[in-house]
file start21.txt (compact mmCIF, C-alpha atoms)
# COMPACT_ATOMS: atom_id res chain seq x y z
CA MET A 1 -1.75 -9.49 65.29
CA THR A 2 -2.24 -8.25 61.73
CA VAL A 3 -3.74 -10.92 59.48
CA ARG A 4 -1.89 -11.30 56.18
CA LEU A 5 -4.44 -12.04 53.48
CA ALA A 6 -3.90 -12.85 49.80
CA ILE A 7 -6.59 -12.63 47.13
CA LEU A 8 -5.75 -14.73 44.09
CA SER A 9 -7.23 -12.77 41.19
CA ARG A 10 -6.25 -11.70 37.69
CA GLY A 11 -8.66 -8.75 37.90
CA PRO A 12 -7.71 -6.33 40.70
CA ARG A 13 -10.20 -3.78 39.31
CA LEU A 14 -13.15 -6.16 39.25
CA TYR A 15 -15.99 -5.31 41.64
CA SER A 16 -15.63 -8.48 43.72
CA THR A 17 -11.87 -8.13 44.16
CA ARG A 18 -12.11 -4.42 45.02
CA ARG A 19 -14.82 -5.03 47.61
CA LEU A 20 -12.79 -7.76 49.30
CA VAL A 21 -9.75 -5.46 49.47
CA GLU A 22 -11.87 -2.64 50.92
CA GLU A 23 -13.33 -4.81 53.65
CA ALA A 24 -9.96 -6.38 54.49
CA GLU A 25 -8.36 -2.94 54.87
CA LYS A 26 -11.23 -1.79 57.12
CA ARG A 27 -10.28 -4.67 59.44
CA ASN A 28 -6.59 -3.68 59.41
CA CYS A 29 -5.54 -6.73 57.43
CA TYR A 30 -2.42 -6.68 55.30
CA VAL A 31 -3.95 -7.59 51.95
CA GLU A 32 -2.37 -8.33 48.59
CA VAL A 33 -3.99 -9.12 45.25
CA LEU A 34 -1.79 -11.71 43.59
CA ASP A 35 -2.06 -12.74 39.95
CA PRO A 36 -2.07 -16.57 40.00
CA MET A 37 -0.26 -16.68 36.65
CA ARG A 38 2.68 -14.76 38.14
CA LEU A 39 3.12 -17.21 41.01
CA SER A 40 5.39 -20.24 40.77
CA ILE A 41 5.62 -23.42 42.81
CA THR A 42 8.77 -25.06 44.17
CA VAL A 43 8.44 -28.66 45.35
CA GLY A 44 11.20 -30.89 46.68
CA ASN A 45 12.62 -32.51 49.77
CA ASP A 46 13.30 -29.08 51.22
CA GLU A 47 10.47 -26.85 52.41
CA PRO A 48 7.99 -26.33 49.54
CA ARG A 49 7.38 -22.74 48.52
CA ILE A 50 5.20 -20.44 46.45
CA LEU A 51 7.14 -17.61 44.87
CA ASN A 52 6.05 -14.21 43.56
CA ALA A 53 8.75 -12.67 41.32
CA GLY A 54 11.27 -14.87 43.12
CA TRP A 55 10.15 -13.92 46.64
CA PRO A 56 8.36 -16.37 48.95
CA VAL A 57 4.65 -15.72 49.51
CA ASP A 58 4.05 -15.78 53.26
CA VAL A 59 0.40 -15.24 54.23
CA ASP A 60 -2.10 -16.43 56.84
CA THR A 61 -5.16 -16.93 54.66
CA VAL A 62 -6.03 -17.05 50.96
CA ILE A 63 -9.22 -16.17 49.08
CA PRO A 64 -9.10 -17.79 45.64
CA ARG A 65 -10.84 -16.01 42.75
CA ILE A 66 -9.75 -18.48 40.09
CA GLY A 67 -11.22 -18.15 36.58
CA TYR A 68 -12.18 -21.17 34.49
CA SER A 69 -9.38 -20.62 32.00
CA ILE A 70 -6.67 -21.05 34.65
CA THR A 71 -8.32 -23.72 36.78
CA HIS A 72 -5.47 -26.24 36.47
CA HIS A 73 -2.72 -23.84 37.56
CA GLY A 74 -4.95 -22.18 40.16
CA VAL A 75 -5.84 -25.49 41.78
CA ALA A 76 -2.14 -26.46 41.88
CA LEU A 77 -1.37 -23.22 43.73
CA ILE A 78 -4.17 -23.74 46.23
CA ARG A 79 -3.03 -27.30 46.83
CA GLN A 80 0.43 -25.96 47.66
CA PHE A 81 -0.97 -23.38 50.09
CA GLU A 82 -2.86 -26.22 51.77
CA ARG A 83 0.36 -28.24 52.09
CA LEU A 84 1.96 -25.21 53.77
CA GLY A 85 -0.79 -25.16 56.41
CA VAL A 86 -2.38 -21.94 55.13
CA TYR A 87 -6.16 -21.58 55.42
CA VAL A 88 -7.72 -21.36 51.95
CA ALA A 89 -11.36 -20.29 51.79
CA ASN A 90 -12.13 -22.85 49.08
CA SER A 91 -10.21 -26.10 48.93
CA SER A 92 -8.41 -27.33 45.84
CA ASP A 93 -10.71 -30.36 45.67
CA GLY A 94 -13.75 -28.13 46.13
CA ILE A 95 -12.84 -25.93 43.18
CA SER A 96 -12.02 -28.95 41.00
CA HIS A 97 -15.32 -30.65 41.88
CA SER A 98 -17.44 -27.57 41.24
CA ARG A 99 -15.77 -26.75 37.92
CA ASP A 100 -16.71 -30.14 36.45
CA LYS A 101 -20.52 -30.03 36.24
CA LEU A 102 -20.82 -33.77 35.65
CA HIS A 103 -18.61 -34.64 38.61
CA ALA A 104 -20.43 -32.15 40.84
CA THR A 105 -23.79 -33.64 39.84
CA GLN A 106 -22.53 -37.15 40.58
CA LEU A 107 -21.41 -36.10 44.06
CA LEU A 108 -24.67 -34.31 44.78
CA THR A 109 -26.93 -37.15 43.67
CA LYS A 110 -24.89 -39.75 45.55
CA ASN A 111 -25.66 -37.77 48.69
CA ARG A 112 -29.36 -37.35 47.86
CA ILE A 113 -29.20 -33.66 47.04
CA PRO A 114 -31.89 -32.98 44.38
CA VAL A 115 -30.77 -31.94 40.88
CA PRO A 116 -32.43 -31.86 37.44
CA THR A 117 -32.13 -35.21 35.65
CA THR A 118 -28.89 -35.10 33.66
CA CYS A 119 -27.34 -37.35 30.99
CA HIS A 120 -23.78 -37.35 29.73
CA VAL A 121 -23.72 -37.89 25.96
CA ARG A 122 -20.72 -39.05 23.95
CA THR A 123 -22.16 -38.81 20.42
CA TRP A 124 -25.06 -36.98 18.79
CA GLN A 125 -26.78 -40.37 18.39
CA ASP A 126 -27.02 -40.54 22.21
CA VAL A 127 -29.49 -37.63 22.24
CA GLU A 128 -32.54 -39.81 21.52
CA GLY A 129 -31.78 -42.11 24.45
CA ALA A 130 -31.15 -39.10 26.70
CA LEU A 131 -34.53 -37.64 25.71
CA ASN A 132 -36.28 -40.85 26.75
CA ARG A 133 -34.60 -40.81 30.14
CA ILE A 134 -35.22 -37.12 30.76
CA GLY A 135 -38.82 -37.06 29.60
CA GLY A 136 -38.83 -35.35 26.21
CA MET A 137 -38.45 -31.86 24.78
CA PRO A 138 -37.49 -29.15 25.40
CA ILE A 139 -34.09 -29.87 26.95
CA VAL A 140 -31.08 -27.94 28.16
CA ILE A 141 -27.73 -28.73 26.56
CA LYS A 142 -24.56 -27.60 28.30
CA VAL A 143 -20.85 -28.23 28.40
CA THR A 144 -19.33 -29.65 31.57
CA GLU A 145 -17.14 -26.57 32.07
CA GLY A 146 -18.41 -23.03 31.69
CA THR A 147 -19.22 -19.88 33.61
CA GLN A 148 -21.70 -17.00 33.65
CA GLY A 149 -24.12 -18.92 31.42
CA SER A 150 -21.62 -19.68 28.64
CA GLY A 151 -22.02 -23.04 26.94
CA VAL A 152 -25.67 -23.43 28.00
CA TYR A 153 -28.44 -23.78 25.38
CA LEU A 154 -32.17 -24.48 25.30
CA ALA A 155 -33.21 -26.84 22.50
CA GLN A 156 -36.88 -26.90 21.50
CA SER A 157 -36.64 -29.75 18.96
CA GLU A 158 -34.81 -33.03 18.71
CA GLU A 159 -33.19 -31.92 15.45
CA ARG A 160 -31.81 -28.78 17.10
CA ALA A 161 -30.60 -30.86 20.05
CA ARG A 162 -28.63 -33.13 17.72
CA GLU A 163 -27.14 -30.15 15.89
CA LEU A 164 -26.00 -28.50 19.10
CA THR A 165 -24.60 -31.74 20.50
CA TYR A 166 -22.68 -32.49 17.29
CA LYS A 167 -21.25 -28.95 17.22
CA LEU A 168 -20.13 -28.97 20.86
CA LEU A 169 -18.62 -32.46 20.62
CA SER A 170 -16.72 -31.51 17.45
CA GLU A 171 -15.24 -28.56 19.36
CA GLY A 172 -13.88 -30.96 21.96
CA HIS A 173 -16.39 -30.30 24.73
CA HIS A 174 -17.95 -32.83 27.10
CA VAL A 175 -21.71 -32.45 26.73
CA LEU A 176 -24.59 -32.82 29.19
CA VAL A 177 -28.26 -33.10 28.31
CA GLN A 178 -30.41 -31.86 31.16
CA GLU A 179 -34.05 -31.83 32.12
CA TYR A 180 -35.79 -28.50 31.42
CA ILE A 181 -37.72 -27.19 34.43
CA GLU A 182 -40.58 -25.31 32.75
CA GLU A 183 -41.97 -23.68 35.90
CA SER A 184 -38.54 -22.12 36.57
CA HIS A 185 -37.99 -20.78 33.04
CA GLY A 186 -35.77 -17.71 33.01
CA ARG A 187 -35.21 -17.51 36.73
CA ASP A 188 -33.33 -19.09 39.59
CA ILE A 189 -32.19 -18.33 43.13
CA ARG A 190 -28.55 -17.62 43.94
CA VAL A 191 -27.72 -18.42 47.56
CA LEU A 192 -24.44 -17.18 49.05
CA VAL A 193 -23.11 -19.67 51.59
CA ILE A 194 -20.15 -18.66 53.76
CA GLY A 195 -18.74 -21.04 56.34
CA GLY A 196 -21.81 -23.27 56.16
CA GLN A 197 -24.24 -20.40 56.76
CA VAL A 198 -26.59 -18.70 54.31
CA VAL A 199 -25.56 -15.03 54.25
CA ALA A 200 -27.68 -13.70 51.39
CA ALA A 201 -30.04 -14.85 48.64
CA MET A 202 -31.38 -13.24 45.49
CA ARG A 203 -33.75 -14.21 42.71
CA ARG A 204 -32.32 -13.73 39.23
CA LYS A 205 -34.59 -13.20 36.22
CA ALA A 206 -33.72 -13.25 32.54
CA ARG A 207 -34.77 -10.44 30.21
CA GLY A 208 -36.79 -10.89 27.02
CA ARG A 209 -36.51 -14.28 25.33
CA GLU A 210 -33.30 -15.19 27.15
CA PHE A 211 -33.75 -18.21 29.44
CA ARG A 212 -30.42 -17.84 31.28
CA SER A 213 -30.80 -15.63 34.31
CA ASN A 214 -27.17 -14.69 34.92
CA PHE A 215 -26.52 -11.13 36.12
CA HIS A 216 -23.68 -10.80 33.59
CA LEU A 217 -26.19 -11.52 30.80
CA ASN A 218 -28.18 -8.44 31.80
CA GLY A 219 -30.57 -10.36 34.01
CA THR A 220 -32.37 -8.58 36.84
CA VAL A 221 -31.85 -9.37 40.52
CA GLU A 222 -34.00 -8.92 43.60
CA ASN A 223 -33.75 -9.78 47.25
CA VAL A 224 -35.58 -12.96 48.29
CA GLU A 225 -36.32 -14.68 51.57
CA ILE A 226 -35.80 -18.41 51.17
CA SER A 227 -37.37 -21.22 53.17
CA GLU A 228 -35.38 -23.50 55.45
CA GLU A 229 -35.72 -26.26 52.84
CA TYR A 230 -33.93 -24.14 50.23
CA ALA A 231 -31.32 -22.96 52.75
CA ASP A 232 -30.62 -26.53 53.86
CA VAL A 233 -30.09 -27.76 50.30
CA ALA A 234 -27.71 -24.85 49.60
CA ARG A 235 -25.70 -25.45 52.76
CA ARG A 236 -25.41 -29.18 52.13
CA ALA A 237 -24.33 -28.67 48.51
CA ALA A 238 -21.58 -26.22 49.48
CA ARG A 239 -20.37 -28.42 52.32
CA LEU A 240 -20.37 -31.57 50.21
CA LEU A 241 -18.24 -29.98 47.49
CA GLY A 242 -15.76 -28.65 50.05
CA LEU A 243 -16.49 -24.94 49.56
CA ASP A 244 -16.48 -22.47 52.46
CA ILE A 245 -17.52 -19.70 50.04
CA ALA A 246 -20.07 -20.74 47.43
CA GLY A 247 -22.78 -19.39 45.21
CA VAL A 248 -25.40 -22.14 45.00
CA ASP A 249 -27.90 -21.78 42.15
CA LEU A 250 -31.29 -23.33 42.87
CA LEU A 251 -34.25 -23.88 40.53
CA GLU A 252 -37.74 -23.46 41.98
CA SER A 253 -39.44 -26.62 40.75
CA ASP A 254 -42.80 -28.19 41.55
CA ARG A 255 -40.94 -30.90 43.45
CA GLY A 256 -38.88 -28.46 45.53
CA PRO A 257 -35.42 -26.89 45.19
CA LEU A 258 -33.08 -28.38 42.59
CA VAL A 259 -29.37 -27.58 42.56
CA LEU A 260 -28.44 -26.25 39.15
CA GLU A 261 -24.82 -25.34 39.84
CA VAL A 262 -22.38 -24.54 42.63
CA ASN A 263 -19.96 -21.69 41.92
CA SER A 264 -16.63 -21.51 43.77
CA SER A 265 -15.93 -17.88 42.76
CA PRO A 266 -19.35 -16.21 43.00
CA GLY A 267 -19.62 -12.60 41.89
CA LEU A 268 -20.52 -10.14 44.64
CA GLU A 269 -21.92 -7.19 42.69
CA GLY A 270 -25.34 -8.60 41.91
CA ILE A 271 -26.06 -10.03 45.34
CA GLU A 272 -24.79 -7.01 47.27
CA THR A 273 -26.85 -4.73 45.01
CA ALA A 274 -30.00 -6.84 45.38
CA THR A 275 -29.82 -7.48 49.10
CA GLY A 276 -27.86 -4.58 50.56
CA ILE A 277 -25.90 -7.15 52.59
CA ASN A 278 -22.16 -6.69 53.08
CA VAL A 279 -21.21 -10.07 51.63
CA ALA A 280 -17.56 -9.10 51.10
CA GLY A 281 -17.29 -8.17 54.78
CA ALA A 282 -18.77 -11.52 55.80
CA ILE A 283 -16.15 -13.31 53.67
CA ILE A 284 -13.29 -11.36 55.26
CA ASP A 285 -14.66 -11.96 58.77
CA HIS A 286 -14.87 -15.68 58.05
CA CYS A 287 -11.28 -15.80 56.78
CA ILE A 288 -9.96 -13.86 59.80
CA THR A 289 -11.73 -16.27 62.15
CA HIS A 290 -10.36 -19.35 60.39
CA GLN A 291 -6.81 -18.21 59.64
CA GLY A 292 -4.40 -20.58 61.32
CA PHE A 293 -6.58 -23.61 60.57
CA SER A 294 -5.87 -25.38 57.29
CA ASN A 295 -8.00 -27.84 55.34
CA ILE A 296 -6.75 -31.36 54.86
CA GLY A 297 -7.79 -34.26 52.67
CA LEU A 298 -8.95 -36.82 55.23
CA ASP A 299 -8.85 -39.75 52.81
CA GLN A 300 -5.20 -39.11 52.00
CA LEU A 301 -4.34 -38.74 55.67
CA LEU A 302 -6.04 -42.03 56.55
CA ARG A 303 -4.16 -43.84 53.78
CA SER A 304 -0.79 -42.53 54.97
CA ARG A 305 -0.53 -45.40 57.48
CA PRO A 306 0.60 -48.58 55.69
CA GLY A 307 -2.16 -51.12 55.15
CA HIS A 308 -4.87 -48.80 56.44
CA GLY A 309 -7.66 -47.09 54.59
CA VAL A 310 -11.36 -46.61 54.16
CA VAL A 311 -13.68 -49.33 52.88
CA SER A 312 -17.23 -48.57 51.79
CA VAL A 313 -19.97 -51.18 51.38
CA ASN A 314 -23.37 -50.29 49.90
CA VAL A 315 -26.21 -52.40 51.28
CA SER A 316 -28.18 -51.98 48.03
CA ARG A 317 -25.47 -53.91 46.18
CA HIS A 318 -25.34 -56.61 48.82
CA PRO A 319 -28.97 -57.48 49.74
CA ILE A 320 -27.82 -60.14 52.21
CA LEU A 321 -26.86 -57.27 54.57
CA ASN A 322 -30.35 -55.75 54.52
CA GLY A 323 -32.07 -56.04 57.91
CA LYS A 324 -28.93 -57.18 59.71
CA GLN A 325 -27.47 -55.48 62.77
CA ILE A 326 -23.93 -54.12 62.94
CA GLY A 327 -23.19 -56.47 65.82
CA ASP A 328 -24.25 -59.46 63.69
CA ILE A 329 -21.71 -58.64 61.01
CA PHE A 330 -18.76 -57.42 63.06
CA THR A 331 -18.76 -59.89 65.90
CA ALA A 332 -15.31 -58.98 67.20
CA VAL A 333 -15.41 -55.21 66.89
CA ASN A 334 -12.61 -53.43 68.72
CA GLU A 335 -10.42 -50.38 68.24
CA GLN A 336 -9.15 -51.64 64.88
CA PHE A 337 -12.33 -50.42 63.15
CA VAL A 338 -14.03 -47.04 63.10
CA PHE A 339 -17.57 -47.03 61.74
CA ALA A 340 -20.01 -44.63 60.19
CA ILE A 341 -23.28 -45.25 58.39
CA ALA A 342 -24.24 -42.96 55.52
CA ARG A 343 -28.04 -42.78 55.28
CA GLU A 344 -30.09 -40.33 53.18
CA GLY A 345 -27.41 -37.65 53.11
CA MET A 346 -26.64 -37.95 56.84
CA HIS A 347 -23.82 -39.72 58.69
CA ILE A 348 -24.26 -41.77 61.85
CA TRP A 349 -20.93 -42.12 63.63
CA LYS A 350 -20.12 -45.07 65.87
CA PRO A 351 -23.51 -46.75 65.52
CA ARG A 352 -24.56 -49.14 68.25
CA ARG A 353 -24.21 -52.86 67.72
CA THR A 354 -28.02 -53.06 67.55
CA PHE A 355 -28.17 -50.58 64.65
CA THR A 356 -30.19 -52.23 61.84
CA LEU A 357 -29.07 -51.79 58.25
CA ARG A 358 -31.51 -51.12 55.44
CA ARG A 359 -31.42 -50.77 51.69
CA GLY A 360 -29.60 -47.60 50.60
CA ASP A 361 -27.30 -47.51 53.65
CA GLU A 362 -23.57 -47.34 53.14
CA ILE A 363 -21.22 -48.85 55.72
CA ILE A 364 -18.00 -46.88 56.03
CA CYS A 365 -15.13 -48.59 57.86
CA TYR A 366 -11.64 -47.37 58.69
CA GLY A 367 -8.84 -49.65 59.79
CA GLU A 368 -6.59 -52.34 58.36
CA ILE A 369 -8.08 -53.01 54.94
CA GLU A 370 -7.22 -56.72 54.86
CA LYS A 371 -8.83 -57.30 58.27
CA ILE A 372 -11.98 -55.43 57.25
CA HIS A 373 -12.26 -57.44 54.03
CA HIS A 374 -11.63 -60.68 55.91
CA GLN A 375 -14.28 -59.94 58.55
CA LEU A 376 -16.92 -59.04 55.94
CA SER A 377 -16.10 -62.01 53.74
CA GLU A 378 -16.21 -64.40 56.70
CA TRP A 379 -19.63 -63.10 57.71
CA VAL A 380 -21.03 -63.43 54.17
CA SER A 381 -19.81 -67.03 53.91
CA HIS A 382 -21.30 -67.87 57.30
CA ALA A 383 -24.63 -66.20 56.49
CA ILE A 384 -24.97 -68.15 53.25
CA LYS A 385 -24.35 -71.45 55.02
CA GLU A 386 -26.65 -70.53 57.89
CA ASN A 387 -29.50 -69.56 55.59
CA GLU A 388 -28.87 -72.61 53.41
CA VAL A 389 -28.80 -70.57 50.22
CA SER A 390 -28.07 -73.51 48.05
CA GLY A 391 -27.13 -72.96 44.41
CA ALA A 392 -27.39 -69.16 44.68
CA THR A 393 -24.56 -66.92 43.61
CA ILE A 394 -23.92 -63.86 45.75
CA GLU A 395 -21.26 -61.32 44.81
CA PHE A 396 -19.43 -59.47 47.55
CA ASP A 397 -16.46 -57.15 47.14
CA GLY A 398 -15.60 -58.47 43.70
CA GLU A 399 -15.56 -62.13 44.79
CA TYR A 400 -18.27 -64.76 44.40
CA TYR A 401 -19.51 -67.01 47.17

call {"tool": "encode", "arguments": {"input": "start21.txt", "output": "structure tokens"}}
result
Amino acid sequence: MTVRLAILSRGPRLYSTRRLVEEAEKRNCYVEVLDPMRLSITVGNDEPRILNAGWPVDVDTVIPRIGYSITHHGVALIRQFERLGVYVANSSDGISHSRDKLHATQLLTKNRIPVPTTCHVRTWQDVEGALNRIGGMPIVIKVTEGTQGSGVYLAQSEERARELTYKLLSEGHHVLVQEYIEESHGRDIRVLVIGGQVVAAMRRKARGREFRSNFHLNGTVENVEISEEYADVARRAARLLGLDIAGVDLLESDRGPLVLEVNSSPGLEGIETATGINVAGAIIDHCITHQGFSNIGLDQLLRSRPGHGVVSVNVSRHPILNGKQIGDIFTAVNEQFVFAIAREGMHIWKPRRTFTLRRGDEIICYGEIEKIHHQLSEWVSHAIKENEVSGATIEFDGEYY
């Protein structure tokens, strides 16, 4: 059966788009390059549709090449393809998460993926406090949305940092102040992850006094063999953000790999030139293999049943849980609850009743929300009485006991 493949791109002549078309045609795919801004969405009680010049778009798989300037409309289109059961190489949530650098950093750090220390500043007066938290000058100042190195600056003095911050804020940008990694000045590693596997990696180096290493800023590229540590961080970052195709930028720091950025529409020219690897072909092969399987937002699916949902409890916020076993807390566990424990970036599904909790763990429960809350609250009340914690105030789930 011929696979019908759509590439969402406003630049059919761009290297990356052309290469994807070439490789798709070699595999006898029916491939179209569709301009996202020419597609419209119809939503209602009848079957939802995506239209191109009034005609329904009917494809098996979609490769989104969505630019920053059309992120909102592009994400809406991808969301509609997902609702239609079409496999999309990068999910709508994945693109949204990766485009917002602050949000992406929050997700990565929550899951213990290493990043440079980053502060979100609201006024130029916040710069001094950010410097104290980061560790002093120099610093990197960047906007939360940008591509190919745009909106990224290196400030050598506090005065210059304030000037840049004031300018960017006055232009309506959200501003991040980030730790400068001196040992990685002017270079980084771009790792191409496809379907959870590292396909290619290159080291990018800036020219002259430029500290940004982007290929589009005339930086040089070279093939590089990365360690399993670097590959693991890249794979986890792509998976966490919901991207089947990702360019993960890593800084080589003295404390190991640091994720600088995760790109949902990585350019192919630089990495194919540097490595000689057919990255475009690997992308097409991945899409052919996965066509017919669509992504779905699990959280939304779980909440579709009335009264049911996911409840998360962080042991660090509730010290009374530290050192306790799952069986101590949920004494009447049955099919109404499904458990997982998030620990140091890993998930332990269906832990045994003897599993011992420790600080930093997160208990994830699925079932009837009211019953989960009741069971946890009952256990906390019992534990306080049993331990005779007299006069102490312990907060749990927004209530005080």

call {"tool": "atom_distance", "arguments": {"input": "start21.txt", "atom1": "CA of Arg236 in chain A", "atom2": "CA of Ser96 in chain A"}}
result
17.4 Å

call {"tool": "atom_distance", "arguments": {"input": "start21.txt", "atom1": "CA of Glu171 in chain A", "atom2": "CA of Gly136 in chain A"}}
result
25.5 Å

call {"tool": "closest_residue", "arguments": {"input": "start21.txt", "among": "A:Glu32, A:Glu222, A:Glu82, A:Asp232", "to": "Ile50 in chain A", "atoms": "only C-alpha atoms"}}
result
A:Glu82

call {"tool": "closest_residue", "arguments": {"input": "start21.txt", "among": "A:Val177, A:Leu5, A:Ile329, A:Ala234", "to": "His374 in chain A", "atoms": "only C-alpha atoms"}}
result
A:Ile329

call {"tool": "residues_around", "arguments": {"input": "start21.txt", "residues": "Glu362 in chain A", "least_positions_apart": "3", "cutoff": "8 Å", "atoms": "all atoms listed in the file", "output": "list in words"}}
result
Ser312, Val313, Asn314, Val315, Ile341, Ala342 and Arg343 of chain A

call {"tool": "atom_distance", "arguments": {"input": "start21.txt", "atom1": "CA of Ala340 in chain A", "atom2": "CA of Ile364 in chain A"}}
result
5.1 Å

call {"tool": "build_atoms", "arguments": {"input": "start21.txt", "residues": "range 232-248 of chain A", "atoms": "N, CA and C atoms", "output": "PDB file, keeping the file's coordinate frame"}}
result
ATOM      1  N   ASP A 232     -31.264 -25.270  53.503  1.00  0.00           N
ATOM      2  CA  ASP A 232     -30.620 -26.530  53.860  1.00  0.00           C
ATOM      3  C   ASP A 232     -29.964 -27.185  52.651  1.00  0.00           C
ATOM      4  N   VAL A 233     -30.660 -27.180  51.524  1.00  0.00           N
ATOM      5  CA  VAL A 233     -30.090 -27.760  50.300  1.00  0.00           C
ATOM      6  C   VAL A 233     -28.830 -26.997  49.890  1.00  0.00           C
ATOM      7  N   ALA A 234     -28.869 -25.660  49.971  1.00  0.00           N
ATOM      8  CA  ALA A 234     -27.710 -24.850  49.600  1.00  0.00           C
ATOM      9  C   ALA A 234     -26.528 -25.118  50.512  1.00  0.00           C
ATOM     10  N   ARG A 235     -26.779 -25.186  51.804  1.00  0.00           N
ATOM     11  CA  ARG A 235     -25.700 -25.450  52.760  1.00  0.00           C
ATOM     12  C   ARG A 235     -25.083 -26.818  52.533  1.00  0.00           C
ATOM     13  N   ARG A 236     -25.925 -27.817  52.327  1.00  0.00           N
ATOM     14  CA  ARG A 236     -25.410 -29.180  52.130  1.00  0.00           C
ATOM     15  C   ARG A 236     -24.600 -29.275  50.845  1.00  0.00           C
ATOM     16  N   ALA A 237     -25.052 -28.618  49.787  1.00  0.00           N
ATOM     17  CA  ALA A 237     -24.330 -28.670  48.510  1.00  0.00           C
ATOM     18  C   ALA A 237     -22.947 -28.045  48.641  1.00  0.00           C
ATOM     19  N   ALA A 238     -22.876 -26.884  49.293  1.00  0.00           N
ATOM     20  CA  ALA A 238     -21.580 -26.220  49.480  1.00  0.00           C
ATOM     21  C   ALA A 238     -20.648 -27.067  50.332  1.00  0.00           C
ATOM     22  N   ARG A 239     -21.187 -27.614  51.420  1.00  0.00           N
ATOM     23  CA  ARG A 239     -20.370 -28.420  52.320  1.00  0.00           C
ATOM     24  C   ARG A 239     -19.868 -29.689  51.626  1.00  0.00           C
ATOM     25  N   LEU A 240     -20.732 -30.324  50.872  1.00  0.00           N
ATOM     26  CA  LEU A 240     -20.370 -31.570  50.210  1.00  0.00           C
ATOM     27  C   LEU A 240     -19.243 -31.359  49.207  1.00  0.00           C
ATOM     28  N   LEU A 241     -19.265 -30.245  48.489  1.00  0.00           N
ATOM     29  CA  LEU A 241     -18.240 -29.980  47.490  1.00  0.00           C
ATOM     30  C   LEU A 241     -16.968 -29.388  48.096  1.00  0.00           C
ATOM     31  N   GLY A 242     -16.965 -29.140  49.399  1.00  0.00           N
ATOM     32  CA  GLY A 242     -15.760 -28.650  50.050  1.00  0.00           C
ATOM     33  C   GLY A 242     -15.521 -27.166  49.854  1.00  0.00           C
ATOM     34  N   LEU A 243     -16.607 -26.366  49.796  1.00  0.00           N
ATOM     35  CA  LEU A 243     -16.490 -24.940  49.560  1.00  0.00           C
ATOM     36  C   LEU A 243     -16.965 -24.153  50.775  1.00  0.00           C
ATOM     37  N   ASP A 244     -16.080 -23.336  51.351  1.00  0.00           N
ATOM     38  CA  ASP A 244     -16.480 -22.470  52.460  1.00  0.00           C
ATOM     39  C   ASP A 244     -17.154 -21.200  51.938  1.00  0.00           C
ATOM     40  N   ILE A 245     -16.869 -20.844  50.687  1.00  0.00           N
ATOM     41  CA  ILE A 245     -17.520 -19.700  50.040  1.00  0.00           C
ATOM     42  C   ILE A 245     -18.115 -20.208  48.738  1.00  0.00           C
ATOM     43  N   ALA A 246     -19.433 -20.152  48.606  1.00  0.00           N
ATOM     44  CA  ALA A 246     -20.070 -20.740  47.430  1.00  0.00           C
ATOM     45  C   ALA A 246     -21.318 -19.974  47.037  1.00  0.00           C
ATOM     46  N   GLY A 247     -21.523 -19.880  45.747  1.00  0.00           N
ATOM     47  CA  GLY A 247     -22.780 -19.390  45.210  1.00  0.00           C
ATOM     48  C   GLY A 247     -23.554 -20.583  44.696  1.00  0.00           C
ATOM     49  N   VAL A 248     -24.613 -20.957  45.376  1.00  0.00           N
ATOM     50  CA  VAL A 248     -25.400 -22.140  45.000  1.00  0.00           C
ATOM     51  C   VAL A 248     -26.631 -21.684  44.238  1.00  0.00           C
TER      52      VAL A 248
END
